[in-house]
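Source file work_34.cif; content: mmCIF, C-alpha atoms.
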data_run
#
loop_
_atom_site.label_atom_id
_atom_site.label_comp_id
_atom_site.auth_asym_id
_atom_site.auth_seq_id
_atom_site.Cartn_x
_atom_site.Cartn_y
_atom_site.Cartn_z
CA MET I 1 -21.61 5.68 -1.19
CA LYS I 2 -23.69 2.94 0.46
CA GLN I 3 -22.47 0.43 -2.12
CA TYR I 4 -18.87 1.30 -1.35
CA LEU I 5 -19.52 0.94 2.39
CA PHE I 6 -21.10 -2.45 1.69
CA THR I 7 -18.00 -3.45 -0.29
CA ILE I 8 -15.69 -2.42 2.57
CA ILE I 9 -17.74 -4.32 5.17
CA LEU I 10 -18.03 -7.40 2.96
CA THR I 11 -14.30 -7.50 2.19
CA ALA I 12 -13.36 -6.90 5.83
CA THR I 13 -15.70 -9.62 7.09
CA ILE I 14 -14.52 -12.27 4.64
CA THR I 15 -10.88 -11.32 5.16
CA GLY I 16 -11.27 -11.45 8.94
CA VAL I 17 -12.91 -14.89 8.91
CA CYS I 18 -10.38 -16.25 6.42
CA SER I 19 -7.48 -14.76 8.42
CA TRP I 20 -8.59 -16.66 11.51
CA ALA I 21 -8.97 -19.86 9.46
CA VAL I 22 -5.55 -19.44 7.81
CA TRP I 23 -3.95 -18.78 11.21
CA GLN I 24 -5.48 -21.93 12.72
CA LEU I 25 -4.58 -24.11 9.73
CA SER I 26 -1.04 -22.74 9.62
CA LEU I 27 -0.50 -23.59 13.26
CA ARG I 28 -2.06 -27.04 12.92
CA PHE I 29 -0.04 -28.06 9.87
CA LYS I 30 3.05 -25.98 10.74
CA LEU I 31 2.79 -23.90 7.58
CA TYR I 32 5.38 -21.35 8.60
CA PRO I 33 9.11 -20.93 7.95
CA GLY I 34 11.80 -21.12 10.54
CA ILE I 35 13.49 -18.11 12.05
CA ARG I 36 15.87 -16.48 9.59
CA GLU I 37 19.06 -14.68 10.54
CA ARG I 38 17.60 -11.30 9.63
CA ASP I 39 14.33 -11.85 11.52
CA VAL I 40 13.62 -10.11 14.80
CA HIS I 41 10.74 -12.27 16.03
CA THR I 42 11.81 -15.28 18.09
CA THR I 43 8.74 -17.47 17.63
CA PRO I 44 7.88 -18.97 14.22
CA THR I 45 4.82 -17.09 12.98
CA PRO I 46 2.63 -17.95 9.98
CA ARG I 47 3.10 -15.62 7.01
CA LEU I 48 0.12 -16.62 4.89
CA GLY I 49 -2.18 -13.75 5.78
CA GLY I 50 -2.05 -12.66 2.17
CA VAL I 51 -4.13 -15.73 1.27
CA ALA I 52 -6.97 -14.47 3.45
CA MET I 53 -6.65 -10.97 2.04
CA PHE I 54 -6.80 -12.26 -1.53
CA LEU I 55 -9.89 -14.35 -0.75
CA GLY I 56 -11.62 -11.26 0.63
CA ILE I 57 -10.61 -9.24 -2.43
CA ALA I 58 -11.73 -11.99 -4.84
CA ALA I 59 -15.09 -12.29 -3.07
CA ALA I 60 -15.69 -8.53 -3.33
CA ILE I 61 -14.84 -8.55 -7.04
CA GLY I 62 -17.14 -11.54 -7.59
CA VAL I 63 -20.04 -9.85 -5.79
CA SER I 64 -19.50 -6.66 -7.80
CA ALA I 65 -20.13 -8.63 -11.01
CA ALA I 66 -23.69 -9.29 -9.83
CA ASN I 67 -24.24 -5.78 -8.46
CA PRO I 68 -25.93 -3.50 -11.01
CA PHE I 69 -24.39 -0.43 -9.36
CA PHE I 70 -20.92 -1.66 -10.39
CA SER I 71 -21.92 -2.86 -13.86
CA ILE I 72 -20.03 0.03 -15.48
CA MET I 73 -16.75 -1.51 -14.27
CA TRP I 74 -17.51 -4.76 -16.11
CA VAL I 75 -17.93 -3.11 -19.53
CA PRO I 76 -15.79 -4.51 -20.98
CA PRO I 77 -15.13 -7.34 -18.47
CA GLN I 78 -11.48 -7.83 -19.46
CA THR I 79 -10.27 -5.15 -17.06
CA MET I 80 -11.79 -6.72 -13.95
CA TRP I 81 -10.67 -10.21 -14.94
CA ALA I 82 -7.16 -8.87 -15.57
CA VAL I 83 -7.03 -7.28 -12.09
CA LEU I 84 -8.27 -10.48 -10.47
CA GLY I 85 -5.91 -12.67 -12.50
CA ALA I 86 -2.89 -10.48 -11.75
CA ALA I 87 -3.74 -10.42 -8.03
CA PHE I 88 -4.07 -14.23 -8.04
CA LEU I 89 -0.70 -14.61 -9.75
CA ILE I 90 0.98 -12.30 -7.24
CA ALA I 91 -0.69 -14.06 -4.31
CA VAL I 92 0.54 -17.46 -5.54
CA ILE I 93 4.15 -16.37 -6.04
CA GLY I 94 3.98 -14.54 -2.72
CA VAL I 95 2.86 -17.69 -0.89
CA MET I 96 5.66 -19.67 -2.52
CA ASP I 97 8.18 -17.06 -1.41
CA ASP I 98 6.75 -16.94 2.12
CA LEU I 99 7.19 -20.70 2.43
CA TRP I 100 10.41 -21.33 0.50
CA ASP I 101 12.21 -17.97 -0.02
CA LEU I 102 12.33 -17.79 -3.81
CA ASP I 103 15.10 -16.08 -5.74
CA TRP I 104 14.43 -12.36 -6.17
CA PHE I 105 14.84 -12.60 -9.95
CA ILE I 106 11.96 -15.08 -10.20
CA LYS I 107 9.72 -12.87 -8.06
CA LEU I 108 10.56 -9.80 -10.11
CA GLY I 109 9.79 -11.61 -13.35
CA VAL I 110 6.36 -12.68 -12.08
CA GLN I 111 5.67 -9.13 -10.90
CA PHE I 112 6.32 -7.78 -14.39
CA LEU I 113 4.11 -10.53 -15.80
CA ALA I 114 1.26 -9.49 -13.49
CA ALA I 115 1.81 -5.85 -14.41
CA GLY I 116 1.70 -6.85 -18.07
CA ILE I 117 -1.64 -8.60 -17.56
CA ILE I 118 -3.16 -5.44 -16.12
CA THR I 119 -1.56 -3.21 -18.74
CA VAL I 120 -2.02 -5.23 -21.92
CA VAL I 121 -4.98 -7.51 -21.19
CA GLY I 122 -6.80 -5.12 -18.88
CA GLY I 123 -6.05 -2.06 -20.97
CA LEU I 124 -5.08 0.08 -17.97
CA GLN I 125 -2.24 2.29 -19.14
CA ILE I 126 -0.84 5.72 -18.41
CA LEU I 127 -2.00 7.30 -21.64
CA SER I 128 -1.58 10.90 -20.59
CA LEU I 129 -0.35 13.01 -17.73
CA PRO I 130 -2.69 15.65 -16.34
CA LEU I 131 -0.33 18.49 -17.18
CA GLY I 132 -1.94 20.44 -19.95
CA ASP I 133 -1.73 18.46 -23.18
CA MET I 134 1.13 16.12 -22.22
CA VAL I 135 0.34 12.78 -23.88
CA ILE I 136 2.46 9.64 -24.14
CA VAL I 137 2.65 9.25 -27.90
CA SER I 138 3.95 5.68 -28.10
CA SER I 139 1.84 2.72 -27.00
CA TRP I 140 4.99 0.77 -26.14
CA VAL I 141 6.24 3.62 -23.98
CA SER I 142 2.87 3.74 -22.24
CA ILE I 143 2.96 0.00 -21.55
CA ALA I 144 6.53 0.13 -20.27
CA VAL I 145 5.92 3.14 -18.02
CA THR I 146 2.75 1.61 -16.59
CA MET I 147 4.34 -1.78 -15.90
CA PHE I 148 7.33 -0.14 -14.26
CA ALA I 149 5.09 2.01 -12.05
CA ILE I 150 3.07 -1.00 -10.89
CA VAL I 151 6.17 -3.04 -10.05
CA VAL I 152 7.77 -0.13 -8.15
CA VAL I 153 4.69 0.43 -5.99
CA MET I 154 4.32 -3.30 -5.30
CA ASN I 155 7.90 -3.56 -4.06
CA ALA I 156 7.72 -0.27 -2.16
CA VAL I 157 4.76 -1.51 -0.12
CA ASN I 158 6.44 -4.87 0.39
CA PHE I 159 9.67 -3.27 1.62
CA ILE I 160 8.05 -1.64 4.66
CA ASP I 161 6.54 -4.92 5.85
CA GLY I 162 8.71 -5.22 8.95
CA LEU I 163 6.66 -4.37 12.05
CA ASP I 164 3.42 -5.78 13.36
CA GLY I 165 0.50 -3.94 11.79
CA LEU I 166 2.70 -1.55 9.81
CA VAL I 167 1.71 -2.33 6.21
CA ALA I 168 -1.94 -3.04 7.02
CA GLY I 169 -2.34 0.25 8.89
CA VAL I 170 -0.41 2.40 6.43
CA CYS I 171 -2.34 0.95 3.48
CA LEU I 172 -5.61 1.39 5.37
CA ILE I 173 -4.93 5.09 5.89
CA ALA I 174 -3.51 5.66 2.40
CA ASN I 175 -6.40 3.92 0.65
CA GLY I 176 -8.90 5.73 2.84
CA VAL I 177 -7.54 9.10 1.74
CA PHE I 178 -7.28 7.99 -1.88
CA PHE I 179 -10.87 6.70 -1.82
CA ALA I 180 -12.13 10.08 -0.61
CA TYR I 181 -10.08 11.83 -3.28
CA SER I 182 -11.15 9.55 -6.13
CA TYR I 183 -14.81 9.84 -5.17
CA ILE I 184 -14.68 13.64 -5.03
CA LEU I 185 -12.64 13.88 -8.23
CA THR I 186 -15.01 11.62 -10.14
CA ARG I 187 -17.93 13.80 -9.09
CA ASP I 188 -16.10 17.01 -9.98
CA THR I 189 -15.23 15.86 -13.49
CA GLY I 190 -18.91 15.42 -14.29
CA ALA I 191 -18.93 11.63 -14.59
CA SER I 192 -22.36 10.11 -15.22
CA SER I 193 -21.72 7.48 -12.54
CA TYR I 194 -19.75 7.72 -9.30
CA PHE I 195 -18.98 3.99 -9.48
CA ASN I 196 -15.54 3.53 -10.96
CA LEU I 197 -12.64 1.12 -10.75
CA ALA I 198 -10.36 3.44 -8.77
CA SER I 199 -12.80 4.00 -5.91
CA PHE I 200 -13.85 0.35 -5.92
CA LEU I 201 -10.29 -0.98 -5.64
CA ALA I 202 -9.52 1.53 -2.89
CA ALA I 203 -12.63 0.37 -0.99
CA VAL I 204 -11.62 -3.28 -1.43
CA ALA I 205 -8.11 -2.53 -0.15
CA ILE I 206 -9.57 -0.72 2.87
CA GLY I 207 -11.73 -3.73 3.69
CA ALA I 208 -8.90 -6.23 3.27
CA CYS I 209 -6.59 -4.26 5.56
CA ALA I 210 -9.32 -3.66 8.16
CA GLY I 211 -10.23 -7.35 8.25
CA PHE I 212 -6.63 -8.49 8.54
CA LEU I 213 -5.31 -5.92 11.03
CA PRO I 214 -6.77 -7.46 14.23
CA LEU I 215 -4.66 -10.62 13.84
CA ASN I 216 -1.67 -8.61 12.65
CA TRP I 217 -1.62 -6.07 15.47
CA SER I 218 1.23 -6.39 17.97
CA PRO I 219 1.89 -9.04 19.09
CA ALA I 220 1.04 -10.41 15.66
CA LYS I 221 -0.45 -13.88 15.32
CA LEU I 222 -0.30 -13.76 11.53
CA PHE I 223 1.86 -11.92 9.00
CA MET I 224 0.54 -10.90 5.58
CA GLY I 225 3.85 -11.89 3.97
CA ASP I 226 4.81 -11.12 0.40
CA SER I 227 1.47 -12.44 -0.82
CA GLY I 228 -0.40 -9.74 1.09
CA ALA I 229 1.97 -6.80 0.74
CA LEU I 230 2.51 -7.27 -2.99
CA VAL I 231 -1.22 -7.62 -3.66
CA MET I 232 -1.86 -4.43 -1.68
CA GLY I 233 0.75 -2.62 -3.77
CA LEU I 234 -0.80 -4.00 -6.93
CA LEU I 235 -4.27 -2.73 -6.01
CA MET I 236 -2.98 0.71 -4.99
CA ALA I 237 -1.00 1.16 -8.20
CA THR I 238 -3.87 -0.09 -10.37
CA SER I 239 -6.44 2.19 -8.74
CA ALA I 240 -4.17 5.23 -9.14
CA ILE I 241 -3.46 4.45 -12.80
CA SER I 242 -7.12 3.82 -13.59
CA LEU I 243 -8.00 7.24 -12.17
CA THR I 244 -5.21 9.54 -13.31
CA GLY I 245 -3.50 7.78 -16.20
CA GLN I 246 -6.46 7.85 -18.56
CA MET I 247 -8.07 11.16 -17.62
CA SER I 248 -8.38 13.53 -20.53
CA SER I 249 -6.76 16.92 -20.40
CA ALA I 250 -10.12 18.53 -21.24
CA ALA I 251 -11.64 17.08 -18.07
CA MET I 252 -8.66 18.13 -16.00
CA ASP I 253 -8.89 21.70 -17.25
CA SER I 254 -12.64 22.03 -16.70
CA GLU I 255 -14.05 24.42 -14.16
CA GLU I 256 -15.70 21.55 -12.31
CA PHE I 257 -12.32 20.05 -11.56
CA GLY I 258 -11.23 22.83 -9.26
CA ARG I 259 -10.79 26.56 -9.04
CA SER I 260 -7.02 26.44 -8.66
CA GLN I 261 -5.11 26.08 -11.92
CA LEU I 262 -2.02 24.89 -10.05
CA LEU I 263 -3.82 22.26 -8.03
CA GLY I 264 -5.89 21.24 -11.00
CA ALA I 265 -2.69 20.36 -12.82
CA PHE I 266 -0.60 18.71 -10.15
CA ILE I 267 -2.83 17.06 -7.52
CA PRO I 268 -3.91 14.15 -9.78
CA ILE I 269 -0.22 13.22 -9.95
CA LEU I 270 0.78 14.36 -6.48
CA LEU I 271 -1.80 12.66 -4.28
CA PRO I 272 -1.44 9.09 -5.64
CA ILE I 273 2.30 9.43 -5.04
CA VAL I 274 1.91 11.08 -1.64
CA VAL I 275 -0.25 8.29 -0.22
CA VAL I 276 2.63 5.85 -0.78
CA MET I 277 5.35 8.40 0.02
CA LEU I 278 6.85 6.47 2.96
CA PRO I 279 6.99 3.12 1.11
CA LEU I 280 8.51 4.81 -1.95
CA LEU I 281 11.07 6.63 0.21
CA ASP I 282 12.06 3.43 1.99
CA PHE I 283 12.24 1.57 -1.33
CA GLY I 284 14.41 4.23 -2.95
CA LEU I 285 16.81 4.41 -0.02
CA ALA I 286 17.09 0.62 0.14
CA VAL I 287 17.84 0.27 -3.57
CA PHE I 288 20.42 3.07 -3.45
CA ARG I 289 22.04 1.68 -0.30
CA ARG I 290 22.33 -1.86 -1.62
CA MET I 291 23.52 -0.96 -5.12
CA ARG I 292 26.14 1.38 -3.67
CA ALA I 293 27.42 -1.57 -1.63
CA GLY I 294 27.55 -3.71 -4.78
CA ARG I 295 24.62 -5.89 -3.71
CA SER I 296 21.33 -6.82 -5.33
CA PRO I 297 18.67 -4.11 -4.85
CA PHE I 298 16.42 -6.84 -3.44
CA ALA I 299 18.97 -8.29 -1.01
CA PRO I 300 17.41 -8.15 2.49
CA ASP I 301 18.98 -6.09 5.24
CA ARG I 302 18.07 -4.46 8.54
CA LYS I 303 18.42 -0.81 7.65
CA HIS I 304 14.87 0.08 6.63
CA LEU I 305 13.15 3.14 8.04
CA HIS I 306 11.33 1.09 10.67
CA HIS I 307 14.63 -0.38 11.83
CA ARG I 308 16.05 3.11 12.20
CA MET I 309 13.00 4.05 14.26
CA LEU I 310 13.76 1.19 16.62
CA ASP I 311 17.42 2.24 16.74
CA LEU I 312 16.31 5.72 17.80
CA GLY I 313 14.74 4.14 20.85
CA HIS I 314 11.08 3.77 19.89
CA ARG I 315 9.03 0.85 21.07
CA ASP I 316 7.65 -1.33 18.32
CA ARG I 317 4.02 -0.18 18.62
CA ASP I 318 5.06 3.44 18.96
CA ALA I 319 7.14 3.23 15.78
CA VAL I 320 4.11 1.83 13.93
CA LEU I 321 1.86 4.63 15.24
CA ILE I 322 4.43 7.22 14.15
CA PHE I 323 4.39 5.75 10.63
CA TYR I 324 0.59 5.98 10.70
CA ALA I 325 0.84 9.64 11.68
CA TRP I 326 3.28 10.48 8.88
CA THR I 327 1.05 8.78 6.30
CA ALA I 328 -2.09 10.52 7.55
CA VAL I 329 -0.54 13.98 7.81
CA ILE I 330 1.07 14.03 4.37
CA SER I 331 -1.85 12.54 2.47
CA LEU I 332 -4.55 14.52 4.30
CA ALA I 333 -2.64 17.77 3.75
CA VAL I 334 -2.73 17.30 -0.02
CA LEU I 335 -6.37 16.22 0.08
CA LEU I 336 -7.27 19.33 2.08
CA MET I 337 -5.48 21.47 -0.50
CA TYR I 338 -7.73 20.09 -3.21
CA VAL I 339 -10.92 20.28 -1.13
CA GLY I 340 -10.11 23.85 -0.09
CA SER I 341 -9.66 24.82 -3.71
CA ARG I 342 -12.87 23.25 -4.99
CA GLU I 343 -14.97 24.48 -2.04
CA ASP I 344 -13.51 27.99 -2.28
CA TRP I 345 -12.31 28.03 1.32
CA VAL I 346 -10.66 31.16 2.69
CA GLY I 347 -7.13 30.92 1.34
CA GLN I 348 -8.24 27.93 -0.76
CA TYR I 349 -5.30 25.52 -0.46
CA LEU I 350 -3.58 27.39 2.40
CA PRO I 351 -5.50 25.48 5.15
CA GLY I 352 -4.08 22.26 3.72
CA VAL I 353 -0.59 23.76 3.68
CA ALA I 354 -0.97 24.93 7.28
CA PHE I 355 -2.22 21.50 8.34
CA GLY I 356 0.75 19.90 6.62
CA ILE I 357 3.30 22.21 8.25
CA VAL I 358 1.87 21.73 11.75
CA GLY I 359 1.48 17.99 11.22
CA VAL I 360 5.00 17.49 9.86
CA ALA I 361 6.43 19.49 12.77
CA ALA I 362 4.53 17.33 15.25
CA CYS I 363 5.63 14.14 13.49
CA LEU I 364 9.26 15.28 13.55
CA ILE I 365 9.06 15.90 17.29
CA VAL I 366 7.60 12.49 18.11
CA THR I 367 9.98 10.80 15.66
CA LEU I 368 13.11 12.29 17.18
CA LEU I 369 12.04 11.77 20.80
CA PRO I 370 12.57 8.12 21.78
CA THR I 371 9.79 6.32 23.64
CA ARG I 372 12.14 4.12 25.67
CA ARG I 373 14.97 5.16 27.95
CA ALA I 374 17.77 3.31 26.21
CA PRO I 375 17.67 3.18 22.40
CA ARG I 376 18.30 -0.08 20.64
CA ALA I 377 21.73 -0.86 19.31
CA PRO I 378 22.17 -0.06 15.59
CA ALA I 379 20.95 -2.70 13.16
CA ASP I 380 24.51 -3.65 12.22
CA HIS I 381 25.24 -4.52 15.85
CA PRO I 382 22.01 -5.88 17.36
CA ALA I 383 21.82 -5.90 21.12
CA PRO I 384 21.44 -9.20 22.94
CA HIS I 385 17.94 -10.21 23.93
CA GLU I 386 16.86 -8.75 27.23
CA PRO I 387 14.84 -11.29 29.22
CA THR I 388 12.94 -8.57 31.08
CA GLU I 389 11.23 -7.36 27.89
CA PRO I 390 8.90 -9.60 25.86
CA ALA I 391 10.37 -10.59 22.53
CA PRO I 392 8.57 -8.70 19.73
CA SER I 393 6.76 -10.62 17.04
CA LEU I 394 8.18 -8.86 14.02
CA GLU I 395 9.01 -9.76 10.48
CA THR I 396 12.05 -8.15 8.92
CA ARG I 397 12.77 -7.79 5.22
#
structure tokens encoding of this file:
Amino acid sequence: MKQYLFTIILTATITGVCSWAVWQLSLRFKLYPGIRERDVHTTPTPRLGGVAMFLGIAAAIGVSAANPFFSIMWVPPQTMWAVLGAAFLIAVIGVMDDLWDLDWFIKLGVQFLAAGIITVVGGLQILSLPLGDMVIVSSWVSIAVTMFAIVVVMNAVNFIDGLDGLVAGVCLIANGVFFAYSYILTRDTGASSYFNLASFLAAVAIGACAGFLPLNWSPAKLFMGDSGALVMGLLMATSAISLTGQMSSAAMDSEEFGRSQLLGAFIPILLPIVVVMLPLLDFGLAVFRRMRAGRSPFAPDRKHLHHRMLDLGHRDRDAVLIFYAWTAVISLAVLLMYVGSREDWVGQYLPGVAFGIVGVAACLIVTLLPTRRAPRAPADHPAPHEPTEPAPSLETR
């Protein structure tokens, strides 16, 4: 555990220092785009925070190569190099898009290329599903499913990048819960070493988000942009696949895995999905909404979940905190279900269910009660700027 804490602190420190440097350089050389029609912020704000996050991630991966505790992840080394190479590719295309607004088809093609690097070169594929003996029999099907899953998660995380601190905070909470789960699960399956790629990538993502969040908190001085959000999605998808996609059914059915047959079968699939539930929900609704209107699924609009929160009358920071609460409640509820089962709590997974019910009820109450007197006008008819209220520094996708 100390090595993981060291990784988090190292990544956060380097990301924080690089974020400050990127912010200063962006202001000095005016490395930021102008205000777009769909943007809410009124002051041009640098969107190259993803560069700092990638540098922190790359530094952590580089240090891990010289750390004997993480040597198991570098045997063979192709997997780690594939993750680093794919993250670099995504960061580069993200920076280009943040500066020049690339065509969505180009970005999507590069995303599939990065997913292919991880899947084919890195050898990380969804080989089996932890549901009894369900195995993907075709290697091509495995590659296609894995690449599709990575691209979906990348875009889902990117789609919620619309309020100051939203993506960084949500990913911080989600990766924190997933790190705890992956660490416990690795121990329960009888692994000879607790150092594995899934927990390491989750720790790196935690550090990158923690180091970047201070400059991204409202009012944001620096946005992570596509380069940051897409890399975060890439790491989250890769860590989930490396943990659950290649786990043998024998390990999943062992007594060490958990006392509940139901949880033992479904939580390895459920929790990696739950921790990105809000991004996936927003992504699915956006794709459905745009395709129904005859538009590209990647055409930007102002009808995301965070926009609807503002339309309900929530202040910007309050909307972000509500998203944090939803992420924490849903993911922690599933984690508690697993912990309750393996620790033989009274009722086993019922404490997790009770926590989830109470938490969801509380989240619904705070979501439906506006935090300002007069709600904002709907996104289709934005209200004029009110001079008495400071203009928010937001980025809208």
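Of the listed residues I:Leu213, I:Ile118, I:Leu243, I:Ile14, the one whose atoms come nearest to Thr186 in chain I is I:Leu243, with distances taken using only C-alpha atoms.
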Range 26-143 of chain I near range 214-232 of chain I within 8 Å: what's each residue's closest atom pair and its distance in Å to one decimal, counting all atoms listed in the file, ordered by chain then ascending residue number, as JSON lines?
{"residue": "I:Thr45", "atom": "CA", "partner": "I:Leu222", "partner_atom": "CA", "distance": 6.3}
{"residue": "I:Pro46", "atom": "CA", "partner": "I:Leu222", "partner_atom": "CA", "distance": 5.3}
{"residue": "I:Arg47", "atom": "CA", "partner": "I:Phe223", "partner_atom": "CA", "distance": 4.4}
{"residue": "I:Leu48", "atom": "CA", "partner": "I:Met224", "partner_atom": "CA", "distance": 5.8}
{"residue": "I:Gly49", "atom": "CA", "partner": "I:Met224", "partner_atom": "CA", "distance": 3.9}
{"residue": "I:Gly50", "atom": "CA", "partner": "I:Gly228", "partner_atom": "CA", "distance": 3.5}
{"residue": "I:Val51", "atom": "CA", "partner": "I:Ser227", "partner_atom": "CA", "distance": 6.8}
{"residue": "I:Met53", "atom": "CA", "partner": "I:Gly228", "partner_atom": "CA", "distance": 6.4}
{"residue": "I:Phe54", "atom": "CA", "partner": "I:Gly228", "partner_atom": "CA", "distance": 7.4}
{"residue": "I:Ala87", "atom": "CA", "partner": "I:Val231", "partner_atom": "CA", "distance": 5.8}
{"residue": "I:Ile90", "atom": "CA", "partner": "I:Val231", "partner_atom": "CA", "distance": 6.3}
{"residue": "I:Ala91", "atom": "CA", "partner": "I:Ser227", "partner_atom": "CA", "distance": 4.4}
{"residue": "I:Val92", "atom": "CA", "partner": "I:Ser227", "partner_atom": "CA", "distance": 7.0}
{"residue": "I:Ile93", "atom": "CA", "partner": "I:Ser227", "partner_atom": "CA", "distance": 7.1}
{"residue": "I:Gly94", "atom": "CA", "partner": "I:Ser227", "partner_atom": "CA", "distance": 3.8}
{"residue": "I:Val95", "atom": "CA", "partner": "I:Ser227", "partner_atom": "CA", "distance": 5.4}
{"residue": "I:Asp97", "atom": "CA", "partner": "I:Asp226", "partner_atom": "CA", "distance": 7.1}
{"residue": "I:Asp98", "atom": "CA", "partner": "I:Gly225", "partner_atom": "CA", "distance": 6.1}
Q: With the file shown as input, list the residues that the PyMOL selection byres ((chain I and resi 282) around 8) selects, as a PyMOL selection string.
A: chain I and resi 156+159-160+278-281+283-286+304-305
Q: Return the single residue from I:Phe195, I:Tyr349, I:Phe29, I:Phe200 that is closest to Phe179 in chain I, with distances computed using all atoms listed in the file.
A: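 Among the listed residues, I:Phe200 lies closest to Phe179 in chain I.
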Q: Could you state which residues are captured by the PyMOL selection byres ((chain I and resi 7) around 12) in this file, as an NGL selection string?
A: :I and (1-6 or 8-15 or 56-64 or 67 or 69-70 or 195 or 199-208)
Restricting the output to C-alpha atoms, write the selected residues as a PDB file, in the frame of the given file.
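Below is the file that was written, part_15.pdb:
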ATOM      1  CA  MET I   1     -21.610   5.680  -1.190  1.00  0.00           C
ATOM      2  CA  LYS I   2     -23.690   2.940   0.460  1.00  0.00           C
ATOM      3  CA  GLN I   3     -22.470   0.430  -2.120  1.00  0.00           C
ATOM      4  CA  TYR I   4     -18.870   1.300  -1.350  1.00  0.00           C
ATOM      5  CA  LEU I   5     -19.520   0.940   2.390  1.00  0.00           C
ATOM      6  CA  PHE I   6     -21.100  -2.450   1.690  1.00  0.00           C
ATOM      7  CA  ILE I   8     -15.690  -2.420   2.570  1.00  0.00           C
ATOM      8  CA  ILE I   9     -17.740  -4.320   5.170  1.00  0.00           C
ATOM      9  CA  LEU I  10     -18.030  -7.400   2.960  1.00  0.00           C
ATOM     10  CA  THR I  11     -14.300  -7.500   2.190  1.00  0.00           C
ATOM     11  CA  ALA I  12     -13.360  -6.900   5.830  1.00  0.00           C
ATOM     12  CA  THR I  13     -15.700  -9.620   7.090  1.00  0.00           C
ATOM     13  CA  ILE I  14     -14.520 -12.270   4.640  1.00  0.00           C
ATOM     14  CA  THR I  15     -10.880 -11.320   5.160  1.00  0.00           C
ATOM     15  CA  GLY I  56     -11.620 -11.260   0.630  1.00  0.00           C
ATOM     16  CA  ILE I  57     -10.610  -9.240  -2.430  1.00  0.00           C
ATOM     17  CA  ALA I  58     -11.730 -11.990  -4.840  1.00  0.00           C
ATOM     18  CA  ALA I  59     -15.090 -12.290  -3.070  1.00  0.00           C
ATOM     19  CA  ALA I  60     -15.690  -8.530  -3.330  1.00  0.00           C
ATOM     20  CA  ILE I  61     -14.840  -8.550  -7.040  1.00  0.00           C
ATOM     21  CA  GLY I  62     -17.140 -11.540  -7.590  1.00  0.00           C
ATOM     22  CA  VAL I  63     -20.040  -9.850  -5.790  1.00  0.00           C
ATOM     23  CA  SER I  64     -19.500  -6.660  -7.800  1.00  0.00           C
ATOM     24  CA  ASN I  67     -24.240  -5.780  -8.460  1.00  0.00           C
ATOM     25  CA  PHE I  69     -24.390  -0.430  -9.360  1.00  0.00           C
ATOM     26  CA  PHE I  70     -20.920  -1.660 -10.390  1.00  0.00           C
ATOM     27  CA  PHE I 195     -18.980   3.990  -9.480  1.00  0.00           C
ATOM     28  CA  SER I 199     -12.800   4.000  -5.910  1.00  0.00           C
ATOM     29  CA  PHE I 200     -13.850   0.350  -5.920  1.00  0.00           C
ATOM     30  CA  LEU I 201     -10.290  -0.980  -5.640  1.00  0.00           C
ATOM     31  CA  ALA I 202      -9.520   1.530  -2.890  1.00  0.00           C
ATOM     32  CA  ALA I 203     -12.630   0.370  -0.990  1.00  0.00           C
ATOM     33  CA  VAL I 204     -11.620  -3.280  -1.430  1.00  0.00           C
ATOM     34  CA  ALA I 205      -8.110  -2.530  -0.150  1.00  0.00           C
ATOM     35  CA  ILE I 206      -9.570  -0.720   2.870  1.00  0.00           C
ATOM     36  CA  GLY I 207     -11.730  -3.730   3.690  1.00  0.00           C
ATOM     37  CA  ALA I 208      -8.900  -6.230   3.270  1.00  0.00           C
TER      38      ALA I 208
END
Q: Pull out every residue that the PyMOL selection byres ((chain I and resi 294-300) around 9) matches in the shown coordinates and put them as number ranges by chain.
A: I: 38, 104-105, 286-293, 301-302, 396-397
(Q) For a test of reading the model, state the distance in Å between CA of Cys18 in chain I and CA of Ala115 in chain I, rounded to one decimal. (A)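 Atom-to-atom, CA of Cys18 in chain I to CA of Ala115 in chain I, that is 26.3 Å.
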Q) Which of these residues is nearest to Val177 in chain I, using only C-alpha atoms: I:Gly85, I:Gly122, I:Pro77, I:Pro272? A)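 Using only C-alpha atoms, the shortest distance to Val177 in chain I belongs to I:Pro272.
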Produce the centre coordinates and the three edge lengths, each in Å to one decimal, of the box along x, y and z that contains all listed atoms of range 4-20 of chain I with 3 Å added on each side, as AutoDock Vina command-line options.
--center_x -14.3 --center_y -7.7 --center_z 5.1 --size_x 19.6 --size_y 24.0 --size_z 18.9
Q | Neighbours of point (-4.8, 2.8, -13.9) within 12 Å, using all atoms listed in the file, written as a PyMOL selection string | A | chain I and resi 79-80+83+115+118-120+122-129+142-143+145-147+149-150+196-199+201+234-247+272
Q: May I ask for the distance between CA of Asp188 in chain I and CA of Ala354 in chain I, given in Å to one decimal place?
A: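 If I compute the distance from CA of Asp188 in chain I to CA of Ala354 in chain I, I get 24.3 Å.
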(Q) Taking 5 positions as the minimum chain separation for residues in the same chain, which residues sit within 12 Å of Leu350 in chain I when counting all atoms listed in the file? Answer as a list of chain:residue names. (A) I:Ser260, I:Leu263, I:Ala333, I:Val334, I:Leu335, I:Leu336, I:Met337, I:Tyr338, I:Val339, I:Gly340, I:Ser341, I:Asp344, I:Trp345, I:Phe355, I:Gly356, I:Ile357
Could you build a table of the residues in range 131-207 of chain I lying no more than 12 Å from range 319-324 of chain I, giving for each the nearest pair of atoms and their separation in Å rounded to one decimal place, using all atoms listed in the file, ordered by chain and ascending residue number, as a tab-separated table?
residue	atom	partner	partner_atom	distance
I:Ile160	CA	I:Phe323	CA	10.2
I:Asp161	CA	I:Val320	CA	10.8
I:Gly162	CA	I:Val320	CA	9.8
I:Leu163	CA	I:Val320	CA	7.0
I:Asp164	CA	I:Val320	CA	7.7
I:Gly165	CA	I:Val320	CA	7.1
I:Leu166	CA	I:Val320	CA	5.5
I:Val167	CA	I:Val320	CA	9.1
I:Ala168	CA	I:Tyr324	CA	10.1
I:Gly169	CA	I:Tyr324	CA	6.7
I:Val170	CA	I:Tyr324	CA	5.7
I:Cys171	CA	I:Tyr324	CA	9.3
I:Leu172	CA	I:Tyr324	CA	9.4
I:Ile173	CA	I:Tyr324	CA	7.4
I:Ala174	CA	I:Tyr324	CA	9.3
